[in-house]
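What follows is the content of query-v2.csv, which has CSV, C-alpha atoms:
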```csv
chain,number,residue,atom,x,y,z
H,1,MET,CA,6.5,-16.2,-4.9
H,2,ALA,CA,6.4,-19.4,-6.8
H,3,MET,CA,5.3,-19.4,-10.4
H,4,ALA,CA,4.2,-22.4,-12.4
H,5,SER,CA,5.9,-23.2,-15.6
H,6,ALA,CA,4.5,-22.0,-18.9
H,7,SER,CA,3.3,-25.5,-19.7
H,8,THR,CA,0.4,-25.1,-17.2
H,9,GLY,CA,-1.2,-22.5,-19.4
H,10,ARG,CA,-0.4,-19.9,-22.0
H,11,PRO,CA,-0.9,-16.2,-21.4
H,12,ARG,CA,-3.5,-14.4,-23.5
H,13,ALA,CA,-2.3,-12.3,-26.3
H,14,SER,CA,-1.3,-8.9,-25.0
H,15,GLY,CA,-3.4,-7.1,-27.4
H,16,SER,CA,-6.6,-8.3,-25.7
H,17,SER,CA,-5.6,-7.1,-22.2
H,18,LEU,CA,-8.6,-5.8,-20.3
H,19,THR,CA,-6.5,-3.2,-18.5
H,20,GLY,CA,-4.3,-2.4,-21.5
H,21,GLN,CA,-1.3,-3.3,-19.4
H,22,GLY,CA,-1.0,-7.0,-20.0
H,23,THR,CA,-2.4,-10.2,-18.5
H,24,ARG,CA,-0.5,-9.9,-15.2
H,25,ALA,CA,-2.1,-6.5,-14.6
H,26,ASP,CA,-5.5,-7.9,-15.6
H,27,ILE,CA,-5.2,-10.6,-12.9
H,28,LEU,CA,-4.2,-8.1,-10.3
H,29,ALA,CA,-7.1,-5.8,-11.2
H,30,ALA,CA,-9.5,-8.7,-11.0
H,31,GLY,CA,-8.0,-9.7,-7.6
H,32,ALA,CA,-8.4,-6.2,-6.3
H,33,ALA,CA,-12.0,-6.1,-7.3
H,34,LEU,CA,-13.0,-9.6,-6.1
H,35,PHE,CA,-11.0,-9.6,-2.8
H,36,CYS,CA,-12.5,-6.2,-1.9
H,37,THR,CA,-16.1,-7.1,-2.8
H,38,GLU,CA,-16.4,-10.9,-2.4
H,39,GLY,CA,-13.7,-11.4,0.2
H,40,TYR,CA,-10.5,-13.5,0.0
H,41,GLY,CA,-12.2,-16.7,1.1
H,42,GLY,CA,-15.1,-16.2,-1.3
H,43,THR,CA,-12.9,-15.8,-4.3
H,44,SER,CA,-11.6,-18.8,-6.3
H,45,THR,CA,-8.9,-19.0,-8.8
H,46,HIS,CA,-11.6,-19.8,-11.4
H,47,ALA,CA,-13.4,-16.5,-10.5
H,48,LEU,CA,-10.1,-14.6,-10.7
H,49,ALA,CA,-9.4,-16.0,-14.1
H,50,ALA,CA,-12.9,-15.4,-15.4
H,51,ALA,CA,-12.8,-11.7,-14.2
H,52,ALA,CA,-9.4,-11.3,-15.9
H,53,GLY,CA,-10.7,-12.8,-19.1
H,54,ILE,CA,-8.3,-15.8,-19.2
H,55,ARG,CA,-8.4,-19.5,-18.7
H,56,GLN,CA,-7.9,-20.7,-15.1
H,57,ALA,CA,-4.8,-22.7,-16.2
H,58,SER,CA,-3.3,-19.5,-17.6
H,59,LEU,CA,-3.5,-17.8,-14.3
H,60,TYR,CA,-0.9,-20.2,-13.0
H,61,HIS,CA,1.5,-19.0,-15.7
H,62,TYR,CA,1.7,-15.7,-13.7
H,63,PHE,CA,0.9,-16.6,-10.1
H,64,GLY,CA,1.2,-19.6,-7.9
H,65,GLY,CA,-2.4,-19.2,-6.6
H,66,LYS,CA,-4.7,-16.6,-5.3
H,67,GLN,CA,-2.5,-16.0,-2.2
H,68,ALA,CA,0.3,-14.8,-4.6
H,69,VAL,CA,-2.1,-12.4,-6.2
H,70,LEU,CA,-3.1,-11.0,-2.8
H,71,LEU,CA,0.5,-10.8,-1.7
H,72,GLU,CA,1.5,-8.7,-4.7
H,73,LEU,CA,-1.5,-6.4,-4.2
H,74,LEU,CA,-0.5,-5.9,-0.5
H,75,LEU,CA,3.1,-5.2,-1.4
H,76,GLY,CA,1.9,-2.6,-3.8
H,77,THR,CA,0.4,-0.6,-0.9
H,78,VAL,CA,3.8,-0.5,0.9
H,79,GLN,CA,6.7,-0.7,-1.5
H,80,PRO,CA,6.1,2.8,-3.0
H,81,SER,CA,6.0,4.3,0.5
H,82,LEU,CA,9.2,2.5,1.4
H,83,GLU,CA,10.9,4.1,-1.7
H,84,THR,CA,9.6,7.5,-0.8
H,85,ALA,CA,10.8,7.0,2.8
H,86,ALA,CA,14.3,6.1,1.6
H,87,GLN,CA,14.4,9.4,-0.3
H,88,LEU,CA,13.1,11.4,2.6
H,89,LEU,CA,15.6,9.9,5.1
H,90,ALA,CA,18.4,10.9,2.8
H,91,ARG,CA,17.3,14.6,2.6
H,92,ASP,CA,18.4,17.4,4.9
H,93,GLU,CA,15.1,19.2,5.4
H,94,HIS,CA,13.7,19.5,8.9
H,95,PRO,CA,12.6,16.1,10.0
H,96,ALA,CA,9.1,17.3,10.8
H,97,VAL,CA,8.7,18.5,7.1
H,98,ARG,CA,10.0,15.1,5.9
H,99,LEU,CA,7.6,13.3,8.3
H,100,TRP,CA,4.7,15.4,7.0
H,101,ALA,CA,5.7,14.5,3.4
H,102,LEU,CA,5.8,10.8,4.2
H,103,CYS,CA,2.4,10.9,5.9
H,104,VAL,CA,0.9,12.7,2.9
H,105,SER,CA,2.5,10.4,0.3
H,106,ASP,CA,1.5,7.2,2.3
H,107,ALA,CA,-2.1,8.4,2.8
H,108,ARG,CA,-2.4,9.3,-0.9
H,109,LEU,CA,-1.3,5.8,-1.8
H,110,LEU,CA,-3.8,4.1,0.5
H,111,ALA,CA,-6.6,6.4,-0.8
H,112,ALA,CA,-5.8,5.8,-4.4
H,113,GLY,CA,-7.3,3.3,-6.8
H,114,GLU,CA,-10.8,2.1,-7.6
H,115,HIS,CA,-10.8,-0.4,-4.8
H,116,SER,CA,-9.5,0.0,-1.2
H,117,ILE,CA,-6.8,-2.6,-1.2
H,118,GLY,CA,-5.7,-1.4,2.2
H,119,SER,CA,-8.9,-2.8,3.6
H,120,LEU,CA,-7.4,-6.2,3.0
H,121,TYR,CA,-5.0,-5.5,5.9
H,122,LEU,CA,-7.8,-6.7,8.1
H,123,LEU,CA,-8.1,-10.2,6.6
H,124,PRO,CA,-7.5,-13.0,9.1
H,125,GLU,CA,-5.7,-14.9,6.4
H,126,LEU,CA,-2.8,-12.5,6.6
H,127,ALA,CA,-1.6,-14.5,9.6
H,128,ASP,CA,-0.5,-17.2,7.1
H,129,GLU,CA,3.3,-17.3,6.8
H,130,ARG,CA,3.0,-16.9,3.0
H,131,PHE,CA,2.2,-13.2,3.6
H,132,ALA,CA,5.4,-12.7,5.7
H,133,PRO,CA,7.0,-10.6,3.0
H,134,PHE,CA,4.2,-8.0,3.4
H,135,HIS,CA,4.6,-7.9,7.1
H,136,GLU,CA,8.3,-7.5,6.7
H,137,ARG,CA,7.9,-4.6,4.3
H,138,ARG,CA,5.4,-2.9,6.6
H,139,ALA,CA,7.7,-3.3,9.6
H,140,GLU,CA,10.4,-1.6,7.5
H,141,LEU,CA,8.0,1.3,6.8
H,142,GLU,CA,7.2,1.6,10.5
H,143,THR,CA,11.0,1.8,11.2
H,144,ALA,CA,11.3,4.7,8.7
H,145,TYR,CA,8.5,6.5,10.5
H,146,ARG,CA,10.2,5.8,13.8
H,147,THR,CA,13.5,7.2,12.5
H,148,LEU,CA,11.8,10.5,11.4
H,149,VAL,CA,9.8,10.7,14.6
H,150,ALA,CA,13.0,10.3,16.7
H,151,ALA,CA,14.7,13.0,14.6
H,152,CYS,CA,11.9,15.3,15.6
H,153,GLY,CA,13.0,14.9,19.2
H,154,VAL,CA,10.0,12.9,20.4
H,155,ASP,CA,10.7,11.2,23.7
H,156,ASP,CA,9.2,7.8,22.8
H,157,PRO,CA,9.7,7.5,19.0
H,158,GLY,CA,8.4,3.9,18.9
H,159,ALA,CA,5.0,4.8,20.4
H,160,GLY,CA,5.0,8.0,18.4
H,161,ALA,CA,5.6,6.2,15.1
H,162,ALA,CA,2.8,3.7,15.9
H,163,LEU,CA,0.4,6.5,16.5
H,164,VAL,CA,1.3,8.3,13.3
H,165,LEU,CA,1.1,5.2,11.2
H,166,ALA,CA,-2.3,4.4,12.8
H,167,LEU,CA,-3.5,7.9,11.7
H,168,VAL,CA,-2.3,7.4,8.2
H,169,GLU,CA,-3.8,3.9,7.9
H,170,ASN,CA,-7.1,5.3,9.2
H,171,VAL,CA,-7.6,6.3,5.5
H,172,ILE,CA,-8.5,2.7,5.0
H,173,LEU,CA,-11.5,2.9,7.4
H,174,GLN,CA,-12.4,6.3,6.0
H,175,ARG,CA,-12.7,4.8,2.5
H,176,ARG,CA,-14.9,2.0,3.9
H,177,ARG,CA,-17.3,4.6,5.3
H,178,GLY,CA,-17.2,6.7,2.2
H,179,ALA,CA,-15.4,9.5,3.9
H,180,ALA,CA,-12.6,11.6,2.3
H,181,LEU,CA,-10.3,13.3,4.7
H,182,ALA,CA,-7.5,15.1,2.8
H,183,PRO,CA,-4.0,13.4,3.3
H,184,GLU,CA,-2.6,16.9,4.2
H,185,ARG,CA,-5.1,17.1,7.1
H,186,ILE,CA,-4.0,13.6,8.3
H,187,ALA,CA,-0.3,14.7,8.2
H,188,GLU,CA,-1.0,17.8,10.2
H,189,ALA,CA,-3.0,15.7,12.8
H,190,ALA,CA,-0.1,13.3,13.0
H,191,LEU,CA,2.3,16.1,13.9
H,192,ARG,CA,-0.1,17.5,16.5
H,193,VAL,CA,-0.3,14.0,18.1
H,194,LEU,CA,3.5,14.3,18.5
H,195,ALA,CA,3.1,17.8,20.1
H,196,LEU,CA,4.8,19.3,17.0
H,197,ASP,CA,3.7,22.5,15.3
H,198,PRO,CA,2.5,21.5,11.7
H,199,SER,CA,2.6,25.0,10.3
H,200,GLU,CA,6.1,24.9,8.9
H,201,ALA,CA,5.7,21.4,7.6
H,202,ALA,CA,2.4,22.2,5.9
H,203,ALA,CA,4.0,25.2,4.2
H,204,SER,CA,7.3,23.5,3.1
H,205,GLY,CA,6.1,19.9,2.6
H,206,PRO,CA,4.3,20.4,-0.8
H,207,ALA,CA,7.5,21.7,-2.4
H,208,LEU,CA,9.4,18.7,-1.0
H,209,LEU,CA,6.9,16.2,-2.4
H,210,ALA,CA,7.0,18.0,-5.8
H,211,ASP,CA,10.8,17.7,-5.7
H,212,LEU,CA,10.6,14.0,-5.0
H,213,GLY,CA,8.4,13.7,-8.1
```
Have the structure of the file written as structure tokens, please.
Amino acid sequence: MAMASASTGRPRASGSSLTGQGTRADILAAGAALFCTEGYGGTSTHALAAAAGIRQASLYHYFGGKQAVLLELLLGTVQPSLETAAQLLARDEHPAVRLWALCVSDARLLAAGEHSIGSLYLLPELADERFAPFHERRAELETAYRTLVAACGVDDPGAGAALVLALVENVILQRRRGAALAPERIAEAALRVLALDPSEAAASGPALLADLG
């Protein structure tokens, strides 16, 4: 993503960070709050800067615009799951156990945080080509699901992976309704959708997740 030169505005002193993690983190926190409450279209760069406690010009020192803020937030809902999936694909536990672990880890990520960033998946603005990196990462994640589903012996791994990912991402809608279904329950439901017995995975999966750290 493009970043303006430092001449467009200087960052605030790190000691005055609102999040305690630096100005960049402050901007992302402000974006998460505003995009989820005011909407992407209803949020200006001026509002982002004000919420982050910086000058509007200083925002461009870190991000090329509000679309770059949204893109980084979206990538943050996928990249950790991709890293977990890569670890799980390299393991030798039963594929159903690894699939269970990926579902739980992914659902936990989508359920985490003060604001439901996953709800931004529904924004019509995501059709813009500037958000292509997010769509590419999510496609990679679906491929990881499909690989594990295929290893479980499911006849149509493409359709199976789509169903499983839909169940996991249903966490987004649950949060909007104020519901709280445990990620472990979602993972068990995903295995049942594939006509797999979730009992072994539910018993062995927590140890696998703990080993991944």
Closest pair table for range 100-160 of chain H residues within 10 Å of range 21-36 of chain H, all atoms listed in the file, as JSON lines:
```
{"residue": "H:Gly113", "atom": "CA", "partner": "H:Ala32", "partner_atom": "CA", "distance": 9.6}
{"residue": "H:Glu114", "atom": "CA", "partner": "H:Ala33", "partner_atom": "CA", "distance": 8.3}
{"residue": "H:His115", "atom": "CA", "partner": "H:Ala33", "partner_atom": "CA", "distance": 6.3}
{"residue": "H:Ser116", "atom": "CA", "partner": "H:Cys36", "partner_atom": "CA", "distance": 6.9}
{"residue": "H:Ile117", "atom": "CA", "partner": "H:Ala32", "partner_atom": "CA", "distance": 6.4}
{"residue": "H:Gly118", "atom": "CA", "partner": "H:Cys36", "partner_atom": "CA", "distance": 9.3}
{"residue": "H:Ser119", "atom": "CA", "partner": "H:Cys36", "partner_atom": "CA", "distance": 7.4}
{"residue": "H:Leu120", "atom": "CA", "partner": "H:Cys36", "partner_atom": "CA", "distance": 7.1}
{"residue": "H:Leu123", "atom": "CA", "partner": "H:Phe35", "partner_atom": "CA", "distance": 9.9}
```
field: Between CA of Ile186 in chain H and CA of Leu167 in chain H, distance in Å (one decimal)
entry: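 For CA of Ile186 in chain H relative to CA of Leu167 in chain H, the distance reads 6.7 Å.
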- prompt: Any idea what's packed within 7 Å of Ala96 in chain H, counting all atoms listed in the file, ignoring anything in its chain fewer than 3 positions away? Could you give it as a PyMOL selection string?
  reply: chain H and resi 99-100+152+201
query: Can you list, as a VMD selection string, every protein, DNA or RNA residue that comes within 7 Å of Val149 in chain H when you count all atoms listed in the file, leaving out same-chain residues fewer than 6 positions away?
result: chain H and resid 157 160 to 161
- prompt: Taking all atoms listed in the file into account, which of H:Gln79, H:Pro183, H:Gln67, H:Arg177 comes nearest Glu129 in chain H?
  reply: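 The closest residue to Glu129 in chain H is H:Gln67.
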message: To one decimal place in Å, what is the distance between CA of Leu88 in chain H and CA of Val168 in chain H?
response: 16.9 Å
message: What's the separation between CA of Leu75 in chain H and CA of Phe134 in chain H, in Å to one decimal place?
response: 5.7 Å
message: From the options H:Arg138, H:His61, H:Arg146, H:Lys66, which residue's atoms come nearest to Ala47 in chain H, counting only C-alpha atoms?
response: H:Lys66
Where is the centre and how long are the edges: axis-aligned box on range 61-75 of chain H, 6 Å on each side, Å to one decimal, as lines of an AutoDock Vina configuration file:
```
center_x = -0.8
center_y = -12.4
center_z = -8.1
size_x = 19.8
size_y = 26.4
size_z = 27.2
```
Using all atoms listed in the file and a cutoff of 10 Å, can you tell me which residues are near (-2.4, 5.7, -1.0) in the file's coordinates, and write them out as a tab-separated table (two decimals) with C-alpha atoms, in the frame of the given file?
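Wrote it out as part25.tsv, contents follow:
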```tsv
chain	number	residue	atom	x	y	z
H	76	GLY	CA	1.90	-2.60	-3.80
H	77	THR	CA	0.40	-0.60	-0.90
H	78	VAL	CA	3.80	-0.50	0.90
H	80	PRO	CA	6.10	2.80	-3.00
H	81	SER	CA	6.00	4.30	0.50
H	103	CYS	CA	2.40	10.90	5.90
H	104	VAL	CA	0.90	12.70	2.90
H	105	SER	CA	2.50	10.40	0.30
H	106	ASP	CA	1.50	7.20	2.30
H	107	ALA	CA	-2.10	8.40	2.80
H	108	ARG	CA	-2.40	9.30	-0.90
H	109	LEU	CA	-1.30	5.80	-1.80
H	110	LEU	CA	-3.80	4.10	0.50
H	111	ALA	CA	-6.60	6.40	-0.80
H	112	ALA	CA	-5.80	5.80	-4.40
H	113	GLY	CA	-7.30	3.30	-6.80
H	116	SER	CA	-9.50	0.00	-1.20
H	117	ILE	CA	-6.80	-2.60	-1.20
H	118	GLY	CA	-5.70	-1.40	2.20
H	168	VAL	CA	-2.30	7.40	8.20
H	169	GLU	CA	-3.80	3.90	7.90
H	171	VAL	CA	-7.60	6.30	5.50
H	172	ILE	CA	-8.50	2.70	5.00
H	183	PRO	CA	-4.00	13.40	3.30
```
